[in-house]
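**Q** After the C-alpha cells below, expect a handful of questions from me.
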Amino acid sequence: MKKKMMLICAFVLTFLMIIPTFSFASEMPIDYYSLFSQAKTSDGSESELLSVYLGNAFKKDSQIFINEASKITNDDDLNKLCELLVSYFTYENYSEFKSIIAEFENNNNISLNNKRVVDSINNAICRLDTNNTINTDTNPYVTPKVNAFDPDTILSFIIGSLKLNPELDNNIDELFNEYVAEEFILDPHLFVTTISSIADSDITIISKCIANDCKKKNISSSDIIQETLNLSSQYTRENDILNMILTEIDTPISNGIDQLADEVNMNDFDESMQQLSDNLDSISTTSTQVPTIGTMTYTSSPLVVGETETLRAVFQENKGKNSSRTYYAEVYIVKGGTSTKAVSKTFSIPSGSSSANIDFTFKFKTAGSYNTLIKVYSSSGGKLLVQRQGNNPDYVYGPPTIGVMNYTTAPLKVNDDEKLSVVFSENTSQVKREYLVKVYGVINGTKYLRSTKKITIPSGSTSTTQTFTYKLPIAGIMYTMVSVYNNTGSLLLSERTGSNPDTVTGDWKITVSLPSNRNNKGTLTLYNCRGNSVSSFECLGRSVSNDAMTVTNGNTPTGTYTGYLDGPSSPSSSYGPYKVVNMTGISGIIKTSGRSGIWIHGGDPETDKTKSWHPLRPTHGCVRISNTNQNTLQNKIENLINNSFHNKIGNIAIS
C-alpha cells in the first residue's frame with residue numbers, strides 16, 4: 001500500500017494534466033521521467049493504475065509521449081512501458097489507437113529514436129493480439145464444485161486437536177465432537193476424503209466423536225445420508241471410513257459414550273450394592289445383646305473433603321457366645337447440632353469372641369469441624385441398642401481453592417493452541433493430594449467440556465499451577481469454567497467461572513482456484529474461521545500479457561497470502577467502485593518470484609463476449625471479480641469482522 005501511495009504522489013501532476021476539467025491543467029507539464037520510471041518496477045495493481053496514466057498521457061499528446069519515450073535507452077524498460085500503454089487501449093478506442101500508431105509508422109520523417117518507440121508499441125500490439133486469440137480447448141474447462149467447507153482448515157484443526165488431546169474418544173472435548181459432527185453432516189463425502197490421510201487409530205477416535213454428538217442430538221445415519229453410500233471405485237478407503245462413521249452413529253448408546261462417567265457411576269453402583277447386600281444379611285441374623293461402642297479412630301489423616309476416609313470402631317459385648325452375633329450400625333457426622341448420615345452397614349462379632357474391629361468408609365462433602373456419632377441397632381429397621389458420640393471433634397480440610405486463571409496465549413484465536421494457566425491452592429500440606437479437573441467453555445449459555453486432566457498437589461506443598469492446552473473451533477464471547485473433583489471424579493469439590501469473558505477471534509479465508517489455462521475463469525470462495533463456506537463466485541487470474549506467474553505483470557501467482565479490505569481505490573474503471581482485498585505474499589510462487597501488488601478487485605467488464613473470460617477483464621497479475629461480486633465480498637467480510645468476531649486480516653490461498 002505504501003508503494004502505491006508513492007506511485008500516486010508521483011503521478012499527481014500527471015493526473016492533473018490529464019483531466020481537462022481543471023482549468024489550470026494545460027499549464028502544468030507532465031513529468032514523463034517520473035511517469036516512465038514507474039514502468040520498470042510496477043506490478044499487479046500498480047501496473048493497473050500506471051496503464052491508465054500512460055494511456056491518458058498518450059491521448060493528451062501522442063507526439064510528445066513518443067518523443068519522451070525515445071529517451072529510454074534500455075530496451076526492456078521501453079518494452080514494459082509499451083505493453084502497459086497498449087494494455088490500456090485494448091479496452092478503450094483500440095482501433096483508433098492502432099490507427100495513430102500506423103500514422104507514425106508511415107511517417108517518412110520520423111526520427112530513428114521515435115521509430116524505435118513505435119516499433120516497440122507495434123510489437124506489444126502484435127503480442128497482446130496473439131495472446132488474446134483464444135484456441136478452443138479439446139476438453140472444455142469445467143468449473144469445479146464449490147466445497148461446503150475448506151478441507152485445509154478442517155484437517156488442520158482435527159490433527160492439532162488429536163495431538164493436544166489423545167483421549168478425545170473419551171468425550172473430553174464436547175466442542176470437538178460438535179465440530180467434526182457438523183462438518184461431517186455438511187458434506188460426508190468431502191469430510192471422509194479430507195481425513196483419509198489420517199492414521200486408522202485417529203479415524204476411529206473421530207468416528208466415536210461424531211457418533212457421540214449425533215447420539216446426544218438424536219441423529220441417525222439415515223438423517224445424514226439420503227443417497228447411496230458408495231463413492232466411485234477409486235475411493236475404497238473413503239468408503240470404508242464413511243461406513244465406519246455411520247455404523248458408529250447407529251451403535252446403541254448402551255455401549256457407552258462417556259467412559260469416565262461410566263466408571264464413576266459403576267463405583268457408586270458397587271458401593272450401593274454392597275450396602276444393599278449388608279442390609280439383606282442383617283435381616284436373617286439379629287442379636288438381642290447390647291454391645292458397647294469403644295474406641296472410634298480415623299485411620300487416615302488429615303481428613304479431606306472428597307477423599308475416601310476410614311473410621312475404625314471397636315464393638316464389645318459383656319461375654320462371648322458359641323455363635324456369631326450380627327448388628328446393624330449407622331455412622332453420622334455432627335456439625336452445629338445437625339446430624340447427617342454418612343454410611344451404614346451390618347457387622348458381626350464372631351463365635352467365641354466378645355469384640356470386633358469394624359471399618360466404615362465414606363467421604364466428607366464439606367469442610368469444617370465434626371463430631372462422629374455411631375448408632376447400633378438389633379437389625380436394619382430394628383431396635384436402637386446403643387449410641388455414642390465422640391468427645392473430640394475432627395477437622396475436615398476443604399477442597400482446593402481455584403485461584404488465578406489466565407490464558408498465557410492471549411488473544412484467543414480459533415485453531416491456535418491456547419494455554420490456560422490455573423493456580424490451585426489448599427490449606428493442608430500433610431499428604432499428597434490428587435484431583436480430577438475439568439475445564440469448560442461457556443458460550444452463549446451452553447457449557448462445553450474442553451479438557452480433562454488429573455492433577456497432584458505434592459506432600460509438603462499447598463499449591464500447584466497447571467496448564468491446560470486445547471484448540472477453539474468457534475469465535476465469540478466465552479467464559480472459562482474450572483471444576484475440581486475428587487480423584488475418581490465422583491464428587492464435585494469446587495468450581496469457579498472467570499468473572500471476565502474472553503473474546504475468541506478467527507481469521508476469514510479466501511481460496512482462489514485457478515485453471516492451468518488462464519484463459520478460463522476460476523472460482524473464488526470466502527470461508528469463515530471455522531472453515532465453512534460463506535460465499536462463492538467466478539474470478540479471473542489471467543493477465544493481459546498471459547505471461548508466466550513468475551514474470552512481472554504476468555498471470556496471478558499462486559501461493560499463500562494475508563489480506564485486508566482496503567479502499568475503495570481509484571480509478572473505479574480499474575479497481576471497481578468497492579473495497580479491494582490488498583494482499584501480501586507469504587509463501588509459494590508469489591514469494592519466490594518477488595512479485596507484489598497483487599490484489600483482488602473489480603473493474604470495468606470485458607466487452608467482447610467471444611472471450612472465454614467474459615465478462616471479466618484480464619489484469620496485470622491481480623484476481624479480477626465483477627463489481628457486483630466485489631460488493632458482495634466486501635459486505636460478507638465486513639459482516640464477519642463486525643458481527644462474527646473475525647479479524648481484519650484474513651488468509652488467502654491461490655492455487
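Going through the C-alpha cells in order, the chains are called A, B, and so on, while each chain numbers its residues from 1 and the ligands are numbered from 1 in the order shown.
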Please provide as a PyMOL selection string all residues within 9 Å of A:Pro144, with the sequence filter that same-chain residues fewer than 5 positions apart are discarded (counting only C-alpha atoms).
**A** chain A and resi 513+522-523
**Q** Deliver the residues from the most recent selection as a file, using N, CA, C and O atoms, as a tab-separated table (two decimals), in the first residue's frame.
**A**
chain	number	residue	atom	x	y	z
A	513	SER	N	-9.25	-20.81	-6.75
A	513	SER	CA	-8.86	-21.97	-7.55
A	513	SER	C	-8.84	-21.56	-9.02
A	513	SER	O	-9.88	-21.22	-9.59
A	522	GLY	N	-11.73	-18.94	-12.97
A	522	GLY	CA	-11.62	-19.80	-11.81
A	522	GLY	C	-12.73	-19.52	-10.82
A	522	GLY	O	-13.74	-18.89	-11.15
A	523	THR	N	-12.53	-20.00	-9.61
A	523	THR	CA	-13.55	-19.86	-8.56
A	523	THR	C	-12.93	-19.26	-7.31
A	523	THR	O	-11.87	-19.71	-6.85
**Q** Compile a residue-level contact table for stretch 283-367 of chain A against stretch 374-387 of chain A at a cut-off of 12 Å, reporting for every qualifying residue the shortest atom pair and its distance in Å to one decimal, with only C-alpha atoms counted, rows ordered by chain and ascending number, as JSON lines.
**A**
{"residue": "A:Ile283", "atom": "CA", "partner": "A:Ser379", "partner_atom": "CA", "distance": 6.5}
{"residue": "A:Ser284", "atom": "CA", "partner": "A:Ser379", "partner_atom": "CA", "distance": 8.9}
{"residue": "A:Thr285", "atom": "CA", "partner": "A:Ser379", "partner_atom": "CA", "distance": 7.8}
{"residue": "A:Thr286", "atom": "CA", "partner": "A:Ser379", "partner_atom": "CA", "distance": 5.7}
{"residue": "A:Ser287", "atom": "CA", "partner": "A:Ser378", "partner_atom": "CA", "distance": 5.6}
{"residue": "A:Thr288", "atom": "CA", "partner": "A:Ser378", "partner_atom": "CA", "distance": 6.4}
{"residue": "A:Gln289", "atom": "CA", "partner": "A:Leu385", "partner_atom": "CA", "distance": 8.1}
{"residue": "A:Val290", "atom": "CA", "partner": "A:Leu385", "partner_atom": "CA", "distance": 5.7}
{"residue": "A:Pro291", "atom": "CA", "partner": "A:Val386", "partner_atom": "CA", "distance": 7.2}
{"residue": "A:Thr292", "atom": "CA", "partner": "A:Val386", "partner_atom": "CA", "distance": 7.3}
{"residue": "A:Ile293", "atom": "CA", "partner": "A:Gln387", "partner_atom": "CA", "distance": 7.3}
{"residue": "A:Gly294", "atom": "CA", "partner": "A:Ile374", "partner_atom": "CA", "distance": 10.4}
{"residue": "A:Thr295", "atom": "CA", "partner": "A:Ile374", "partner_atom": "CA", "distance": 11.1}
{"residue": "A:Met296", "atom": "CA", "partner": "A:Ile374", "partner_atom": "CA", "distance": 9.0}
{"residue": "A:Thr297", "atom": "CA", "partner": "A:Ile374", "partner_atom": "CA", "distance": 11.9}
{"residue": "A:Leu311", "atom": "CA", "partner": "A:Ile374", "partner_atom": "CA", "distance": 10.5}
{"residue": "A:Arg312", "atom": "CA", "partner": "A:Ile374", "partner_atom": "CA", "distance": 11.1}
{"residue": "A:Ala313", "atom": "CA", "partner": "A:Ile374", "partner_atom": "CA", "distance": 8.9}
{"residue": "A:Val314", "atom": "CA", "partner": "A:Ile374", "partner_atom": "CA", "distance": 10.9}
{"residue": "A:Phe315", "atom": "CA", "partner": "A:Val376", "partner_atom": "CA", "distance": 9.5}
{"residue": "A:Gln316", "atom": "CA", "partner": "A:Val386", "partner_atom": "CA", "distance": 11.5}
{"residue": "A:Glu317", "atom": "CA", "partner": "A:Val386", "partner_atom": "CA", "distance": 11.8}
{"residue": "A:Arg325", "atom": "CA", "partner": "A:Ser378", "partner_atom": "CA", "distance": 9.7}
{"residue": "A:Thr326", "atom": "CA", "partner": "A:Ser379", "partner_atom": "CA", "distance": 7.7}
{"residue": "A:Tyr327", "atom": "CA", "partner": "A:Ser378", "partner_atom": "CA", "distance": 5.3}
{"residue": "A:Tyr328", "atom": "CA", "partner": "A:Ser379", "partner_atom": "CA", "distance": 4.9}
{"residue": "A:Ala329", "atom": "CA", "partner": "A:Val376", "partner_atom": "CA", "distance": 4.4}
{"residue": "A:Glu330", "atom": "CA", "partner": "A:Lys375", "partner_atom": "CA", "distance": 5.2}
{"residue": "A:Val331", "atom": "CA", "partner": "A:Ile374", "partner_atom": "CA", "distance": 4.7}
{"residue": "A:Tyr332", "atom": "CA", "partner": "A:Ile374", "partner_atom": "CA", "distance": 6.2}
{"residue": "A:Ile333", "atom": "CA", "partner": "A:Ile374", "partner_atom": "CA", "distance": 8.8}
{"residue": "A:Val334", "atom": "CA", "partner": "A:Ile374", "partner_atom": "CA", "distance": 10.4}
{"residue": "A:Ser339", "atom": "CA", "partner": "A:Ile374", "partner_atom": "CA", "distance": 10.7}
{"residue": "A:Thr340", "atom": "CA", "partner": "A:Ile374", "partner_atom": "CA", "distance": 11.3}
{"residue": "A:Lys341", "atom": "CA", "partner": "A:Ile374", "partner_atom": "CA", "distance": 9.6}
{"residue": "A:Ala342", "atom": "CA", "partner": "A:Ile374", "partner_atom": "CA", "distance": 10.1}
{"residue": "A:Val343", "atom": "CA", "partner": "A:Ile374", "partner_atom": "CA", "distance": 9.9}
{"residue": "A:Ser344", "atom": "CA", "partner": "A:Ser380", "partner_atom": "CA", "distance": 9.3}
{"residue": "A:Lys345", "atom": "CA", "partner": "A:Ser380", "partner_atom": "CA", "distance": 8.7}
{"residue": "A:Thr346", "atom": "CA", "partner": "A:Ser379", "partner_atom": "CA", "distance": 7.8}
{"residue": "A:Phe347", "atom": "CA", "partner": "A:Val376", "partner_atom": "CA", "distance": 9.9}
{"residue": "A:Ser348", "atom": "CA", "partner": "A:Ser379", "partner_atom": "CA", "distance": 11.1}
{"residue": "A:Ile358", "atom": "CA", "partner": "A:Ile374", "partner_atom": "CA", "distance": 11.8}
{"residue": "A:Phe360", "atom": "CA", "partner": "A:Ile374", "partner_atom": "CA", "distance": 10.5}
**Q** Only N, CA and C atoms, please: the residues just picked out, written as a short mmCIF file (atom, residue, chain, number, x, y, z; two decimals), in the first residue's frame.
**A**
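Resulting contents of out_5.cif:
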data_model
loop_
_atom_site.label_atom_id
_atom_site.label_comp_id
_atom_site.auth_asym_id
_atom_site.auth_seq_id
_atom_site.Cartn_x
_atom_site.Cartn_y
_atom_site.Cartn_z
N ILE A 283 -31.09 -58.97 57.86
CA ILE A 283 -32.50 -59.36 58.04
C ILE A 283 -32.62 -60.75 58.67
N SER A 284 -31.71 -61.63 58.29
CA SER A 284 -31.83 -63.01 58.75
C SER A 284 -31.04 -63.29 60.03
N THR A 285 -30.12 -62.40 60.41
CA THR A 285 -29.29 -62.67 61.58
C THR A 285 -29.31 -61.46 62.49
N THR A 286 -29.91 -61.55 63.63
CA THR A 286 -30.02 -60.42 64.56
C THR A 286 -29.51 -60.81 65.93
N SER A 287 -29.37 -59.83 66.81
CA SER A 287 -28.91 -60.08 68.18
C SER A 287 -29.77 -59.29 69.16
N THR A 288 -29.89 -59.84 70.34
CA THR A 288 -30.64 -59.14 71.39
C THR A 288 -29.73 -58.58 72.46
N GLN A 289 -28.41 -58.84 72.36
CA GLN A 289 -27.47 -58.28 73.30
C GLN A 289 -27.30 -56.79 73.05
N VAL A 290 -26.70 -56.09 74.01
CA VAL A 290 -26.42 -54.66 73.87
C VAL A 290 -24.91 -54.47 73.92
N PRO A 291 -24.25 -54.28 72.74
CA PRO A 291 -22.79 -54.12 72.73
C PRO A 291 -22.39 -52.73 73.20
N THR A 292 -21.14 -52.62 73.56
CA THR A 292 -20.56 -51.33 73.94
C THR A 292 -19.76 -50.79 72.77
N ILE A 293 -19.88 -49.48 72.50
CA ILE A 293 -19.10 -48.84 71.43
C ILE A 293 -17.84 -48.29 72.06
N GLY A 294 -16.71 -48.85 71.67
CA GLY A 294 -15.45 -48.46 72.27
C GLY A 294 -14.73 -47.38 71.46
N THR A 295 -13.44 -47.62 71.23
CA THR A 295 -12.60 -46.64 70.54
C THR A 295 -13.11 -46.35 69.14
N MET A 296 -13.16 -45.07 68.77
CA MET A 296 -13.55 -44.62 67.42
C MET A 296 -12.39 -43.81 66.86
N THR A 297 -11.72 -44.34 65.81
CA THR A 297 -10.50 -43.71 65.30
C THR A 297 -10.52 -43.64 63.78
N LEU A 311 -13.13 -44.94 59.10
CA LEU A 311 -13.36 -44.85 60.55
C LEU A 311 -13.35 -46.26 61.12
N ARG A 312 -12.45 -46.52 62.08
CA ARG A 312 -12.40 -47.84 62.72
C ARG A 312 -13.01 -47.74 64.12
N ALA A 313 -14.02 -48.57 64.34
CA ALA A 313 -14.73 -48.57 65.63
C ALA A 313 -14.62 -49.94 66.28
N VAL A 314 -14.50 -49.95 67.62
CA VAL A 314 -14.42 -51.19 68.39
C VAL A 314 -15.77 -51.43 69.07
N PHE A 315 -16.34 -52.62 68.82
CA PHE A 315 -17.62 -53.00 69.44
C PHE A 315 -17.36 -54.18 70.38
N GLN A 316 -17.87 -54.07 71.61
CA GLN A 316 -17.63 -55.09 72.64
C GLN A 316 -18.93 -55.56 73.27
N GLU A 317 -18.92 -56.87 73.68
CA GLU A 317 -20.03 -57.44 74.43
C GLU A 317 -19.51 -57.87 75.81
N ARG A 325 -22.85 -63.02 66.39
CA ARG A 325 -23.96 -62.09 66.58
C ARG A 325 -23.84 -60.98 65.54
N THR A 326 -24.96 -60.61 64.97
CA THR A 326 -24.96 -59.61 63.90
C THR A 326 -25.74 -58.38 64.34
N TYR A 327 -25.16 -57.21 64.04
CA TYR A 327 -25.78 -55.93 64.39
C TYR A 327 -25.81 -55.04 63.14
N TYR A 328 -26.58 -53.99 63.25
CA TYR A 328 -26.69 -53.01 62.17
C TYR A 328 -26.25 -51.66 62.73
N ALA A 329 -25.26 -51.02 62.06
CA ALA A 329 -24.70 -49.77 62.59
C ALA A 329 -24.86 -48.65 61.57
N GLU A 330 -25.08 -47.44 62.08
CA GLU A 330 -25.13 -46.23 61.26
C GLU A 330 -24.12 -45.23 61.80
N VAL A 331 -23.38 -44.59 60.87
CA VAL A 331 -22.40 -43.57 61.26
C VAL A 331 -22.92 -42.22 60.80
N TYR A 332 -22.92 -41.25 61.75
CA TYR A 332 -23.36 -39.89 61.45
C TYR A 332 -22.20 -38.93 61.71
N ILE A 333 -22.18 -37.84 60.94
CA ILE A 333 -21.26 -36.74 61.25
C ILE A 333 -22.11 -35.58 61.74
N VAL A 334 -21.67 -34.99 62.85
CA VAL A 334 -22.47 -33.99 63.55
C VAL A 334 -21.74 -32.66 63.49
N SER A 339 -27.15 -33.68 62.58
CA SER A 339 -26.55 -34.98 62.27
C SER A 339 -26.85 -35.36 60.83
N THR A 340 -25.84 -35.79 60.12
CA THR A 340 -26.00 -36.22 58.74
C THR A 340 -25.46 -37.63 58.60
N LYS A 341 -26.31 -38.52 58.12
CA LYS A 341 -25.90 -39.92 57.98
C LYS A 341 -24.82 -40.03 56.90
N ALA A 342 -23.72 -40.70 57.23
CA ALA A 342 -22.61 -40.85 56.29
C ALA A 342 -22.59 -42.24 55.67
N VAL A 343 -22.82 -43.29 56.47
CA VAL A 343 -22.74 -44.65 55.96
C VAL A 343 -23.46 -45.58 56.94
N SER A 344 -23.88 -46.74 56.47
CA SER A 344 -24.47 -47.77 57.34
C SER A 344 -24.04 -49.14 56.85
N LYS A 345 -23.98 -50.08 57.76
CA LYS A 345 -23.61 -51.45 57.37
C LYS A 345 -23.93 -52.41 58.51
N THR A 346 -24.05 -53.66 58.19
CA THR A 346 -24.16 -54.70 59.20
C THR A 346 -22.78 -55.20 59.55
N PHE A 347 -22.60 -55.64 60.76
CA PHE A 347 -21.32 -56.24 61.16
C PHE A 347 -21.61 -57.38 62.13
N SER A 348 -20.64 -58.23 62.29
CA SER A 348 -20.81 -59.41 63.15
C SER A 348 -19.68 -59.51 64.15
N ILE A 358 -14.41 -52.87 63.43
CA ILE A 358 -15.15 -52.70 62.17
C ILE A 358 -14.75 -51.38 61.50
N PHE A 360 -15.52 -48.43 58.68
CA PHE A 360 -16.57 -47.75 57.91
C PHE A 360 -15.87 -46.75 56.96
#
**Q** Quick one: contact table of stretch 77-137 of chain A to stretch 604-624 of chain A, 9 Å max, nearest atom pair and distance in Å to one decimal per residue, counting only C-alpha atoms, chain and number order, as JSON lines?
**A**
{"residue": "A:Leu84", "atom": "CA", "partner": "A:His620", "partner_atom": "CA", "distance": 8.8}
{"residue": "A:Tyr91", "atom": "CA", "partner": "A:Glu606", "partner_atom": "CA", "distance": 7.8}
{"residue": "A:Asn132", "atom": "CA", "partner": "A:Lys611", "partner_atom": "CA", "distance": 8.1}
{"residue": "A:Thr133", "atom": "CA", "partner": "A:Lys611", "partner_atom": "CA", "distance": 8.4}
{"residue": "A:Ile134", "atom": "CA", "partner": "A:Lys611", "partner_atom": "CA", "distance": 7.1}
**Q** Please return, as number ranges by chain, all residues of stretch 404-647 of chain A that DSSP assigns to strand (DSSP E or B) on the basis of the backbone.
**A** A: 404-407, 412-413, 418-425, 433-443, 446-457, 463-470, 476-486, 492-497, 502-506, 509-513, 522-527, 532-540, 543, 559-566, 580-587, 599-601, 619, 623-624, 646
**Q** Neighbouring residues of stretch 110-120 of chain A were defined as those with any atom within 9 Å, considering only C-alpha atoms; residues of the same chain fewer than 2 positions away were excluded. Please report them as a PyMOL selection string.
**A** chain A and resi 66-71+75+78-79+82-83+101-102+104-108+122-125
**Q** Would you put the residues from that selection into a file with C-alpha atoms, as a JSON list (two decimals), in the first residue's frame?
**A**
[["chain", "number", "residue", "atom", "x", "y", "z"],
["A", 66, "ILE", "CA", 6.75, 9.19, -28.20],
["A", 67, "ASN", "CA", 9.43, 11.87, -28.09],
["A", 68, "GLU", "CA", 9.85, 11.43, -24.35],
["A", 69, "ALA", "CA", 9.71, 7.63, -24.56],
["A", 70, "SER", "CA", 12.54, 7.69, -27.11],
["A", 71, "LYS", "CA", 14.84, 8.87, -24.30],
["A", 75, "ASP", "CA", 15.06, -1.92, -24.45],
["A", 78, "LEU", "CA", 10.85, 0.50, -23.12],
["A", 79, "ASN", "CA", 9.07, -2.77, -23.92],
["A", 82, "CYS", "CA", 4.80, 0.00, -24.28],
["A", 83, "GLU", "CA", 2.97, -3.13, -23.08],
["A", 101, "ILE", "CA", 0.49, 4.22, -34.39],
["A", 102, "ALA", "CA", 0.15, 3.33, -38.09],
["A", 104, "PHE", "CA", 3.63, 7.31, -37.00],
["A", 105, "GLU", "CA", 4.95, 4.19, -38.69],
["A", 106, "ASN", "CA", 4.16, 5.51, -42.18],
["A", 107, "ASN", "CA", 5.68, 8.91, -41.50],
["A", 108, "ASN", "CA", 8.91, 9.04, -43.51],
["A", 122, "ASN", "CA", 3.72, -2.38, -32.57],
["A", 123, "ASN", "CA", 5.46, -5.40, -31.09],
["A", 124, "ALA", "CA", 3.34, -5.04, -27.96],
["A", 125, "ILE", "CA", 0.18, -4.78, -30.09]]
